[in-house]
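Student: Structure file my_file-v6.cif (mmCIF, C-alpha atoms) right here:
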```cif
data_query
#
loop_
_atom_site.label_atom_id
_atom_site.label_comp_id
_atom_site.auth_asym_id
_atom_site.auth_seq_id
_atom_site.Cartn_x
_atom_site.Cartn_y
_atom_site.Cartn_z
CA MET A 4 -27.46 12.17 25.96
CA PRO A 5 -27.68 8.47 26.92
CA LEU A 6 -24.50 6.42 27.09
CA ASN A 7 -25.43 4.09 24.25
CA ASP A 8 -25.33 6.86 21.63
CA TYR A 9 -21.71 7.68 22.43
CA LEU A 10 -20.81 3.99 22.39
CA ILE A 11 -22.49 3.54 19.01
CA VAL A 12 -20.46 6.42 17.55
CA ALA A 13 -17.30 4.92 19.08
CA GLY A 14 -18.12 1.51 17.61
CA VAL A 15 -18.70 2.94 14.15
CA LEU A 16 -15.39 4.84 14.33
CA PHE A 17 -13.51 1.73 15.47
CA THR A 18 -14.98 -0.27 12.60
CA ILE A 19 -13.98 2.39 10.08
CA GLY A 20 -10.45 2.25 11.49
CA VAL A 21 -10.33 -1.53 11.15
CA ALA A 22 -11.52 -1.24 7.54
CA GLY A 23 -8.74 1.25 6.84
CA VAL A 24 -6.07 -1.00 8.34
CA LEU A 25 -7.28 -3.99 6.34
CA LEU A 26 -7.99 -2.31 3.00
CA ARG A 27 -5.34 0.35 2.48
CA ARG A 28 -1.78 -0.43 1.46
CA ASN A 29 -0.02 2.85 2.11
CA LEU A 30 1.85 2.59 5.43
CA ILE A 31 1.05 6.20 6.41
CA VAL A 32 -2.68 5.71 5.80
CA VAL A 33 -2.61 2.47 7.81
CA TYR A 34 -1.01 4.42 10.65
CA MET A 35 -3.71 7.10 10.42
CA SER A 36 -6.43 4.42 10.59
CA LEU A 37 -4.76 3.17 13.76
CA GLU A 38 -5.10 6.69 15.14
CA ILE A 39 -8.84 6.59 14.35
CA MET A 40 -9.11 3.36 16.35
CA PHE A 41 -7.26 4.95 19.29
CA ASN A 42 -9.65 7.89 19.17
CA ALA A 43 -12.72 5.64 19.15
CA VAL A 44 -11.45 3.89 22.28
CA ASN A 45 -10.75 7.26 23.92
CA LEU A 46 -14.30 8.43 23.20
CA GLY A 47 -15.68 5.24 24.75
CA PHE A 48 -13.54 5.67 27.86
CA VAL A 49 -14.59 9.28 28.40
CA ALA A 50 -18.29 8.53 27.79
CA VAL A 51 -18.33 5.60 30.21
CA SER A 52 -16.45 7.45 32.92
CA ASN A 53 -18.84 10.38 32.52
CA TYR A 54 -21.78 7.99 32.87
CA LEU A 55 -20.39 6.16 35.91
CA ASN A 56 -19.28 9.45 37.57
CA LEU A 57 -15.67 8.28 37.76
CA VAL A 58 -12.42 9.95 36.70
CA ASP A 59 -10.36 6.76 36.11
CA GLY A 60 -11.36 6.50 32.47
CA VAL A 61 -10.00 9.97 31.81
CA ILE A 62 -6.63 8.95 33.31
CA PHE A 63 -6.61 6.01 30.91
CA VAL A 64 -7.17 8.44 28.04
CA ILE A 65 -4.07 10.40 29.09
CA PHE A 66 -1.97 7.21 29.10
CA ILE A 67 -3.36 6.24 25.68
CA MET A 68 -2.26 9.65 24.39
CA VAL A 69 1.27 9.01 25.74
CA VAL A 70 1.39 5.64 24.00
CA ALA A 71 0.08 7.18 20.78
CA ALA A 72 2.79 9.84 20.83
CA ALA A 73 5.51 7.20 21.35
CA GLU A 74 3.94 5.09 18.61
CA ALA A 75 3.90 8.05 16.21
CA ALA A 76 7.64 8.59 16.62
CA ILE A 77 8.45 4.90 16.19
CA ALA A 78 6.06 4.22 13.29
CA LEU A 79 7.16 7.23 11.25
CA GLY A 80 10.83 6.38 11.92
CA ILE A 81 10.20 2.85 10.70
CA SER A 82 8.46 4.12 7.57
CA ILE A 83 11.38 6.44 6.77
CA ALA A 84 13.87 3.59 7.28
CA LEU A 85 11.79 1.26 5.06
CA PHE A 86 11.50 3.94 2.37
CA ARG A 87 15.26 4.34 2.42
CA VAL A 88 15.81 0.60 1.93
CA LYS A 89 13.01 -0.22 -0.53
CA GLY A 90 12.08 3.07 -2.20
CA THR A 91 8.39 2.54 -1.47
CA ILE A 92 6.07 2.26 1.55
CA ASP A 93 3.53 -0.07 -0.07
CA ILE A 94 3.06 -2.70 2.63
CA ASP A 95 2.81 -5.56 0.12
CA SER A 96 6.39 -5.00 -0.96
CA PHE A 97 7.76 -5.91 2.47
CA ASP A 98 7.58 -9.69 2.12
CA GLU A 99 11.05 -10.87 3.12
CA LEU A 100 9.62 -13.01 5.91
CA LYS A 101 7.25 -14.83 3.56
CA LEU A 102 8.00 -18.54 3.04
CA MET B 30 -26.64 19.67 23.58
CA GLU B 31 -28.54 17.08 21.55
CA ILE B 32 -28.20 18.95 18.28
CA LEU B 33 -24.46 19.41 18.94
CA PHE B 34 -24.10 15.66 19.50
CA TYR B 35 -25.74 14.85 16.16
CA ILE B 36 -23.72 17.45 14.25
CA PHE B 37 -20.48 16.14 15.79
CA SER B 38 -21.41 12.50 15.06
CA ILE B 39 -22.13 13.16 11.39
CA LEU B 40 -18.95 15.22 11.01
CA ILE B 41 -16.65 12.70 12.70
CA ILE B 42 -18.03 9.71 10.81
CA TYR B 43 -17.82 11.55 7.48
CA SER B 44 -14.25 12.70 8.09
CA SER B 45 -13.14 9.24 9.26
CA ILE B 46 -14.61 7.64 6.13
CA MET B 47 -12.79 10.23 4.04
CA VAL B 48 -9.51 9.39 5.82
CA VAL B 49 -9.85 5.79 4.72
CA ALA B 50 -11.31 6.45 1.28
CA SER B 51 -9.36 9.38 -0.13
CA LYS B 52 -6.60 8.73 -2.65
CA SER B 53 -3.93 11.14 -1.52
CA PRO B 54 -2.29 10.68 1.91
CA LEU B 55 -2.22 14.44 2.47
CA THR B 56 -6.02 14.68 2.07
CA SER B 57 -6.32 11.84 4.58
CA ALA B 58 -4.12 13.75 7.02
CA LEU B 59 -6.23 16.91 6.73
CA TYR B 60 -9.47 14.97 7.28
CA LEU B 61 -7.82 13.30 10.28
CA ILE B 62 -7.09 16.73 11.77
CA LEU B 63 -10.79 17.62 11.30
CA SER B 64 -11.82 14.44 13.11
CA PHE B 65 -9.45 15.25 16.00
CA PHE B 66 -11.04 18.67 16.41
CA VAL B 67 -14.56 17.17 16.34
CA LEU B 68 -13.49 14.65 18.97
CA ALA B 69 -12.34 17.54 21.15
CA GLY B 70 -15.88 18.89 20.78
CA PHE B 71 -17.23 15.56 22.03
CA TYR B 72 -15.02 15.84 25.10
CA VAL B 73 -16.33 19.35 25.77
CA ILE B 74 -19.96 18.20 25.73
CA LEU B 75 -18.94 15.35 28.05
CA ASP B 76 -17.62 17.93 30.60
CA MET B 77 -13.93 17.10 30.13
CA GLN B 78 -12.38 20.34 28.94
CA PHE B 79 -8.85 19.37 30.00
CA ILE B 80 -8.88 16.28 27.80
CA ALA B 81 -10.24 18.37 24.91
CA ALA B 82 -7.31 20.78 25.22
CA MET B 83 -4.86 17.85 25.45
CA GLN B 84 -6.46 16.31 22.36
CA ILE B 85 -5.91 19.44 20.29
CA LEU B 86 -2.39 20.06 21.63
CA VAL B 87 -1.06 16.51 21.41
CA TYR B 88 -2.92 14.99 18.46
CA ALA B 89 -3.78 17.88 16.15
CA GLY B 90 -0.63 19.74 17.14
CA ALA B 91 2.26 17.37 17.64
CA ILE B 92 1.38 14.07 15.99
CA MET B 93 -0.21 15.48 12.85
CA VAL B 94 2.72 17.84 12.25
CA LEU B 95 4.95 14.76 12.37
CA VAL B 96 2.71 12.86 9.93
CA VAL B 97 2.47 15.73 7.45
CA LEU B 98 6.24 16.21 7.64
CA VAL B 99 6.84 12.53 6.85
CA ILE B 100 4.38 12.67 3.92
CA MET B 101 6.31 15.66 2.62
CA LEU B 102 9.64 13.86 3.13
CA LEU B 103 8.64 10.70 1.26
CA ASN B 104 7.81 11.25 -2.37
CA LEU B 105 4.62 9.23 -2.72
CA GLU B 106 3.25 10.50 -6.01
CA LYS B 107 4.44 7.47 -7.96
CA TYR B 108 2.58 4.95 -5.84
CA LYS B 109 -0.93 6.35 -6.02
CA ASN B 110 -2.45 3.89 -8.46
CA ILE B 111 -1.88 0.58 -6.72
CA LYS B 112 -5.10 -1.40 -6.80
CA THR B 113 -6.13 -3.97 -4.20
CA ASP B 114 -7.08 -7.46 -5.30
CA MET B 115 -10.55 -8.92 -4.71
CA HIS B 116 -9.28 -11.59 -2.30
CA GLN B 117 -8.13 -9.00 0.23
CA LYS B 118 -11.33 -6.97 -0.20
CA PHE B 119 -13.52 -10.03 0.42
CA ILE B 120 -11.70 -11.17 3.56
CA SER B 121 -11.49 -7.69 5.04
CA GLY B 122 -15.17 -7.04 4.30
CA LEU B 123 -16.04 -10.24 6.13
CA ILE B 124 -13.95 -9.25 9.18
CA PHE B 125 -15.45 -5.75 9.05
CA MET B 126 -19.05 -7.04 9.09
CA VAL B 127 -18.39 -9.55 11.90
CA LEU B 128 -16.70 -6.90 14.04
CA PHE B 129 -19.50 -4.39 13.48
CA VAL B 130 -22.22 -6.90 14.38
CA GLU B 131 -20.23 -7.92 17.46
CA ILE B 132 -19.89 -4.33 18.69
CA ALA B 133 -23.57 -3.59 17.95
CA LEU B 134 -24.76 -6.69 19.83
CA PHE B 135 -22.49 -5.93 22.77
CA ILE B 136 -23.77 -2.38 23.01
CA LEU B 137 -27.45 -3.22 22.53
CA THR B 138 -27.58 -6.16 24.95
CA GLY B 139 -25.02 -4.91 27.47
CA ALA B 140 -26.14 -4.85 31.07
CA GLY B 141 -26.83 -1.35 32.31
CA ARG B 142 -24.57 -0.61 35.27
CA LYS B 143 -25.71 2.05 37.64
CA PRO B 144 -23.44 5.06 38.29
CA THR B 145 -21.24 4.35 41.30
CA GLY B 146 -18.66 7.13 41.60
CA ILE B 147 -18.89 10.42 43.40
CA PHE B 148 -17.48 12.64 40.61
CA THR B 149 -20.70 13.89 39.06
CA SER B 150 -20.40 16.78 36.64
CA GLU B 151 -21.45 19.23 39.37
CA VAL B 152 -18.57 18.07 41.60
CA ILE B 153 -16.11 18.27 38.72
CA LYS B 154 -17.33 21.77 37.83
CA ARG B 155 -17.02 22.94 41.44
CA VAL B 156 -13.58 21.46 42.16
CA GLY B 157 -12.15 22.14 38.72
CA ASN B 158 -11.45 19.80 35.86
CA THR B 159 -7.66 19.93 35.89
CA GLN B 160 -7.43 19.60 39.66
CA VAL B 161 -9.48 16.39 39.76
CA ILE B 162 -7.41 14.80 37.00
CA GLY B 163 -4.15 15.94 38.59
CA GLU B 164 -5.07 14.53 42.00
CA PHE B 165 -5.83 11.15 40.48
CA LEU B 166 -2.78 11.18 38.22
CA PHE B 167 -0.27 11.97 40.96
CA THR B 168 -1.66 9.83 43.78
CA LYS B 169 -3.45 6.69 42.64
CA TYR B 170 -1.80 6.39 39.21
CA ILE B 171 1.70 7.63 40.05
CA PHE B 172 3.40 4.34 39.11
CA PRO B 173 1.95 4.13 35.55
CA PHE B 174 2.85 7.81 35.18
CA GLU B 175 6.52 7.08 35.91
CA ILE B 176 6.45 4.03 33.63
CA SER B 177 5.08 6.15 30.78
CA SER B 178 8.03 8.54 31.15
CA ILE B 179 10.39 5.57 30.60
CA LEU B 180 8.28 4.57 27.58
CA LEU B 181 8.75 8.02 26.06
CA LEU B 182 12.52 7.80 26.64
CA VAL B 183 12.60 4.42 24.86
CA ALA B 184 10.59 5.92 21.99
CA ILE B 185 13.08 8.78 21.60
CA ILE B 186 16.05 6.39 21.46
CA GLY B 187 14.19 4.05 19.09
CA ALA B 188 13.24 6.82 16.68
CA TYR B 189 16.85 8.02 16.64
CA LEU B 190 18.12 4.51 15.88
CA PHE B 191 15.57 3.96 13.10
CA ALA B 192 16.25 7.25 11.40
CA LYS B 193 20.04 6.79 11.46
CA LYS B 194 21.77 6.15 8.16
CA ARG B 195 23.46 2.86 9.12
CA PHE B 196 22.19 0.49 11.81
#
```
For the structure just supplied, provide its representation as structure tokens.

Tutor:
Amino acid sequence: MPLNDYLIVAGVLFTIGVAGVLLRRNLIVVYMSLEIMFNAVNLGFVAVSNYLNLVDGVIFVIFIMVVAAAEAAIALGISIALFRVKGTIDIDSFDELKL
Amino acid sequence: MEILFYIFSILIIYSSIMVVASKSPLTSALYLILSFFVLAGFYVILDMQFIAAMQILVYAGAIMVLVVLVIMLLNLEKYKNIKTDMHQKFISGLIFMVLFVEIALFILTGAGRKPTGIFTSEVIKRVGNTQVIGEFLFTKYIFPFEISSILLLVAIIGAYLFAKKRF
């Protein structure tokens, strides 16, 4: 398959993830849309490094997986702490910093 | 190979749309697991079996178990019917369209670089997938590897502090 087809699929996935982050209000669903965006970037990295006959892109994918695992622990801990304080994880209810 | 690519593309785009569009967070989580498995299939047809196994182990195994556990822990049934206002929908639709056009233009007009590396799929198949990745990870990228271990330690301590009863 040519490289452009993989990049088109990755672009469509990234755009779906952006739409999820902007449109949804549940904190867990926003986090899952972030995971879709991570996965789109991973697909792009692997496709490009397969096309250029390099391995460096695959190493980047491993580091992105490490960051995603750390982010999962932190984000879900934050959502549990917020739920304990507010009783909801609707992101519009966290507006203490609003002027 | 071609037919597999099209099947995987349709499946992953459908499941990602369902992650964003479905009402219940648990349905979103299950569709997200499906999209992780399909992405592992993409890695297999791109000759990266090690990354496919890592994808299933780390994402579909570890991270999604954590997400489903948190959904179970938080009682979200009361907050299902919160509707978004038109203002937010308009602005996010605008951003969405601009981003999509940007990505499409970048892909369609991007300059075609020629392949430069020596790791063609024949070389990777002969040497072995895991060995190639391991050699790169422990020689050229050893410093980011050590840094990522510190990042994981910080994440453990941070998650403990957030989940504690009193700060």

Student: Write out as CSV a residue-level contact list of chain B versus chain A with cut-off 6 Å: for each qualifying residue the closest pair of atoms and the distance in Å to one decimal, counting all atoms listed in the file, rows sorted by chain and residue number upward.

Tutor:
```
residue,atom,partner,partner_atom,distance
B:Val49,CA,A:Gly23,CA,5.1
B:Ser121,CA,A:Leu25,CA,5.8
B:Pro144,CA,A:Leu55,CA,4.0
B:Thr145,CA,A:Leu55,CA,5.7
B:Gly146,CA,A:Asn56,CA,4.7
B:Ile147,CA,A:Asn56,CA,5.9
B:Phe148,CA,A:Asn56,CA,4.8
B:Thr149,CA,A:Asn56,CA,4.9
B:Leu181,CA,A:Ala73,CA,5.8
B:Ala184,CA,A:Ala73,CA,5.3
B:Ala188,CA,A:Ile77,CA,5.2
B:Phe191,CA,A:Gly80,CA,5.5
B:Ala192,CA,A:Gly80,CA,5.5
```

Student: Please, what distance in Å, to one decimal, runs between atom CA of Val67 of chain B and atom CA of Lys143 of chain B?

Tutor: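 That distance, rounded to one decimal, is 28.4 Å.
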
Student: Pick from A:Ser96, A:Phe41, A:Lys101, A:Phe48: nearest to Met77 of chain B, with all atoms listed in the file counted?

Tutor: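 Counting all atoms listed in the file, the residue closest to Met77 of chain B is A:Phe48.
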
Student: Looking at B:Ile85, B:Gln117, B:Val48, B:Ser53, which one is nearest to Phe65 of chain B, with distances taken over all atoms listed in the file?

Tutor: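 Ranking B:Ile85, B:Gln117, B:Val48, B:Ser53 by distance to Phe65 of chain B, first place goes to B:Ile85.
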
Student: Mind giving me the straight-line distance from atom CA of Ile39 of chain B to atom CA of Leu95 of chain B in Å, one decimal?

Tutor: 27.1 Å

Student: Please give the centre and size of the box around segment 42-56 of chain B (axis-aligned, containing every atom listed in the file, 8 Å added per side), with values in Å to one decimal and written as JSON.

Tutor:
```
{"center_x": -10.1, "center_y": 10.2, "center_z": 4.1, "size_x": 31.8, "size_y": 24.9, "size_z": 29.5}
```

Student: Kindly give the distance, in Å, that separates atom CA of Ala82 of chain B and atom CA of Leu63 of chain B, rounded to a single decimal.

Tutor: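 Computing it gives 14.7 Å between the two atoms.
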
Student: Could you check the closest approach to Ala58 of chain B for each of B:Ile162, B:Leu98, B:Ile186, B:Met115 and tell me which residue wins, using all atoms listed in the file?

Tutor: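 Under the stated criterion, the closest residue is B:Leu98.
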
Student: Using all atoms listed in the file, collect all residues at a distance of at most 12 Å from (-16.5, 17.3, 17.0) as written in the file, then present them as a PyMOL selection string.

Tutor: (chain A and resi 12+42+46) or (chain B and resi 32-45+61-75+81+84-85)
